[in-house]
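Participant: Attaching a single structure in structure tokens format; questions to follow.
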Number of protein chains: 4
Amino acid sequence: MNDRSLQRMSPARESLFEAAIGSFAEFGFGGASMRTIAQRAGMALSNLYNYAPSKQDLLVQILKTANYNHLAHTEWAISGAGNHPADQLRAGVRAYVEYVVAHPAEALVAQTELRYLDAEHRRRLVVARDRIDEMLQGIITTGTASGTFITPFPREATRAILTMCGGVAQWYRPDGSLTGDEVANRYAQLALAMVQDAASLPTLETAASSPRRPGTTANKS
Amino acid sequence: MNDRSLQRMSPARESLFEAAIGSFAEFGFGGASMRTIAQRAGMALSNLYNYAPSKQDLLVQILKTANYNHLAHTEWAISGAGNHPADQLRAGVRAYVEYVVAHPAEALVAQTELRYLDAEHRRRLVVARDRIDEMLQGIITTGTASGTFITPFPREATRAILTMCGGVAQWYRPDGSLTGDEVANRYAQLALAMVQDAASLPTLETAASSPRRPGTTANKS
Amino acid sequence: MNDRSLQRMSPARESLFEAAIGSFAEFGFGGASMRTIAQRAGMALSNLYNYAPSKQDLLVQILKTANYNHLAHTEWAISGAGNHPADQLRAGVRAYVEYVVAHPAEALVAQTELRYLDAEHRRRLVVARDRIDEMLQGIITTGTASGTFITPFPREATRAILTMCGGVAQWYRPDGSLTGDEVANRYAQLALAMVQDAASLPTLETAASSPRRPGTTANKS
Amino acid sequence: MNDRSLQRMSPARESLFEAAIGSFAEFGFGGASMRTIAQRAGMALSNLYNYAPSKQDLLVQILKTANYNHLAHTEWAISGAGNHPADQLRAGVRAYVEYVVAHPAEALVAQTELRYLDAEHRRRLVVARDRIDEMLQGIITTGTASGTFITPFPREATRAILTMCGGVAQWYRPDGSLTGDEVANRYAQLALAMVQDAASLPTLETAASSPRRPGTTANKS
DNA sequence: CATGAATGAGAGTTCATTCAT
DNA sequence: GATGAATGAACTCTCATTCAT
């Protein structure tokens, strides 16, 4: 899937947004300066304003694209994952993390800098984010109802999963010890564990054969 | 435990740091200005420099206090939780979240603004944060070794738990539908589920027959 | 008489100069921007430079046309007013004001923005204005010499008359309570009064009874 | 009378406003830059903003002071000129012009730059100017009613007088051929002539026989 | 003639910080 | 400790202008 599939971009526009994302990720919205961004994009400062009427608008454009691409990638994966909630959740989490590790700077900006927008822009931008939230919560709720998942707090579980997945943007490095795929897989497993997916649980016999907490009730008893 | 136990503060100092935390939380380090902070603190701009030699230092002081108080609160709770990994993890997560909901702005700043410090300061400040990480990871590893927990990825589980707990700062509101205690408890359960704490697991058919560690979980047993 | 008689204009050129005059009148030379003017003229910014090589030149062209048209209109009226100084002055003032009320924005710009030009351009542009001044002063001096007018300060009277007539541009509105003709007539009478035109004066005993030069004054007598 | 009598000023403030008035007079509001003003005032650019929160506000402050001082000076002179309309008009015009020649730059700015303010500020600022207008018009109307003055257009006469007096700011130079006092006196005479003040009129043959208010006019009698 | 993209200079304004009092 | 005045650097943004098409 193309990065900027939603709106085909001229090379200048492309490099500008790349530079802006990089700068916002590195210094934050307040810390990044239009001069720096222009330099990074290889164009004159004043030319920025042919692409975005203000710094705020630059951020808005970035967040809009980022959020909707993230949504698209995740929704697409879920919609191809069949009917079983566990498969859907696994696919969703995997895709969500995949997008983050594929665009760490963009994802970081999307998480971090949304707060600095005015209420109106924020309202319109969270729509995409909320859609992902609703999808995941729907999956978890359905799974819980059907007995596949067990969790008394679908709302908090959803939030926790999204938060922990988004957090990947803060430490993931492409040259780190784990590939993006590995990270995505592991987070998918952790998410399934959190909702106590039946299939992921230790089975009875294996549970018995290898009693990991001998005297499980040892806690108290 | 007192908020600013490490260094007793004059009222002026108190209101200054309160103002700074509030401003940083609201506008980010780059977006907050010394003028705004001074106004919020009800003092003259130049008087700020009697308490902190620079804006950076203001942030450093805040983060130092925040991180060490967070560490202290969490470590204290764990150290009083006995020997069982599940109890320790639960206590740790609960305490961690408790601190976040008790000081949402401070916690938000601590998470968000650390990146904007120079390497040296960052290095010294992450120590406290890393200590919490190590403690949690130690608990999880120990628990896994002893069979209480089941997770193939203790490293990622630790990070995920801390991230999701820290994320509470981004949405928690004191006047929301959940009290801070409820949030803390639920997140503790979610964390235990993620590491598949034996006692928290539903057994398949024996679910009803042998509730291990009765009374621990509010959900199922 | 055609407005732009000196140089026939294409529609684009026409709308450009109209836009420029409007913008200069509204915001001043310094406050008006080429972008604004272009928008107002309904053309692209860069296209302006096909009609004027610079903003300054735009103003120069406007002022040149304005000043010479104003001069032409006034001189023509005077030259058709016969030999009597009073008739000449009346015709001159009337025509001067007529032009102002017919082109308020242009006249306003001509008065206001001349100062912002460089010395050379200013020198060449004041020629037309000075010609009007000289004509009026000539009329007044002649009239004073012949006893028709009485004023000890022909120089100041001339300046005062031109200033007060030019000032009409600052308050005249086409939809105001007075038509342009009425304004022109009244200002002509005021000017004649200022130089104490004999025929306009009330005589001692005949003040109420006999208007001297009957039909000249529309007002009371 | 002190220049800034209304509000005592620190030396820095004083020199700032002097510089601002000079710059606005020379280059216009749009053409003057805060940098230039600061240089002229001998202070750092940023320090300007300790005295005026914006360039607009700088202009507003100047215009407020200028207009009210002009009003004060003129009103004071009129109020000390006795009951006769001719004396009042002469005193008023003289004082008005006196102020202009005493503060040519300030007066020029007051006339020229008012238009560039937003409606609200303009509305509040014209109050002082309108008060002068009303005073003059009152004098002329009264004089006309009592037969001292003869003019069918008191409204236009008032405007014309004020305009021509204000126009002095555009050409008067302290080192010119006329002193400020001379200019003021001559304009007062011209104004009286314009309203056909009885005492200022030349009598025809009875000029010597019936001087109405003898000794009033310096020019003829 | 007309345009959109690009630019260097400079605009107004705010920044963190200092210093004499 | 506390303040108001002052400063140099940097900010976002707009300016008039150019040029390839």
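We label chains A, B, ... in the order they appear in the structure tokens, count residues from 1 in each chain, and number ligands from 1 in the order shown.
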I'd like a table as CSV: residues in chain A with an atom no more than 9 Å from chain E, each row giving the shortest atom pair and its distance in Å to one decimal, only C-alpha atoms (C1' of nucleotides) counted, sorted by chain and rising residue number.
Facilitator:
residue,atom,partner,partner_atom,distance
A:Met43,CA,E:DA6,C1',8.4
A:Ala44,CA,E:DT7,C1',6.4
A:Leu45,CA,E:DT7,C1',8.6
A:Ser46,CA,E:DT7,C1',7.3
A:Asn47,CA,E:DA6,C1',6.3
A:Asn50,CA,E:DA5,C1',8.0
Participant: How large is the C-alpha RMSD when chain A is optimally fitted onto chain B, using all Cα positions paired one-to-one in sequence order?
Facilitator: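 Computed on C-alpha atoms only, the RMSD stands at 5.3 Å.
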Participant: Which residues of chain A are close to chain F, meaning at most 10 Å apart when you count only C-alpha atoms (C1' of nucleotides), and how do they look as a list in words?
Facilitator: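 Result: Ser33, Met34, Arg35, Leu45, Ser46, Tyr49, Pro53, Ser54 and Lys55 of chain A.
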Participant: For Gly42 (chain C), work out the shell of residues within 9 Å, counting only C-alpha atoms (C1' of nucleotides) and skipping chain neighbours fewer than 6 positions away, then give it as a list in words.
Facilitator: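 Everything that qualifies: Ala12, Ser15, Leu16 and Ala19 of chain C.
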Participant: Could the residues in this selection be saved with N, CA and C atoms as a PDB file, in the first residue's frame?
Facilitator:
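Below is the file result-v6.pdb, written as the result:
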ATOM      1  N   ALA C  12      -8.623  43.732 -19.246  1.00  0.00           N
ATOM      2  CA  ALA C  12      -7.768  43.264 -18.152  1.00  0.00           C
ATOM      3  C   ALA C  12      -7.032  44.441 -17.525  1.00  0.00           C
ATOM      4  N   SER C  15      -9.391  46.530 -15.447  1.00  0.00           N
ATOM      5  CA  SER C  15      -9.781  46.002 -14.134  1.00  0.00           C
ATOM      6  C   SER C  15      -8.582  45.992 -13.186  1.00  0.00           C
ATOM      7  N   LEU C  16      -7.406  45.843 -13.745  1.00  0.00           N
ATOM      8  CA  LEU C  16      -6.227  45.888 -12.886  1.00  0.00           C
ATOM      9  C   LEU C  16      -6.082  47.259 -12.239  1.00  0.00           C
ATOM     10  N   ALA C  19      -8.647  47.926  -9.703  1.00  0.00           N
ATOM     11  CA  ALA C  19      -8.345  47.208  -8.463  1.00  0.00           C
ATOM     12  C   ALA C  19      -7.232  47.906  -7.694  1.00  0.00           C
TER      13      ALA C  19
END
Participant: Residues of chain D were defined as contacting chain C if any atom lay at most 8 Å from it, counting only C-alpha atoms; please report them as number ranges by chain.
Facilitator: D: 27-31, 112, 115-116, 152-153, 156-157, 159-161, 163-165, 167, 186-187, 190-196, 201, 203-204, 206, 219
Participant: Rounded to one decimal in Å, what is the spacing between CA of Val126 (chain D) and CA of Leu71 (chain D)?
Facilitator: 11.0 Å
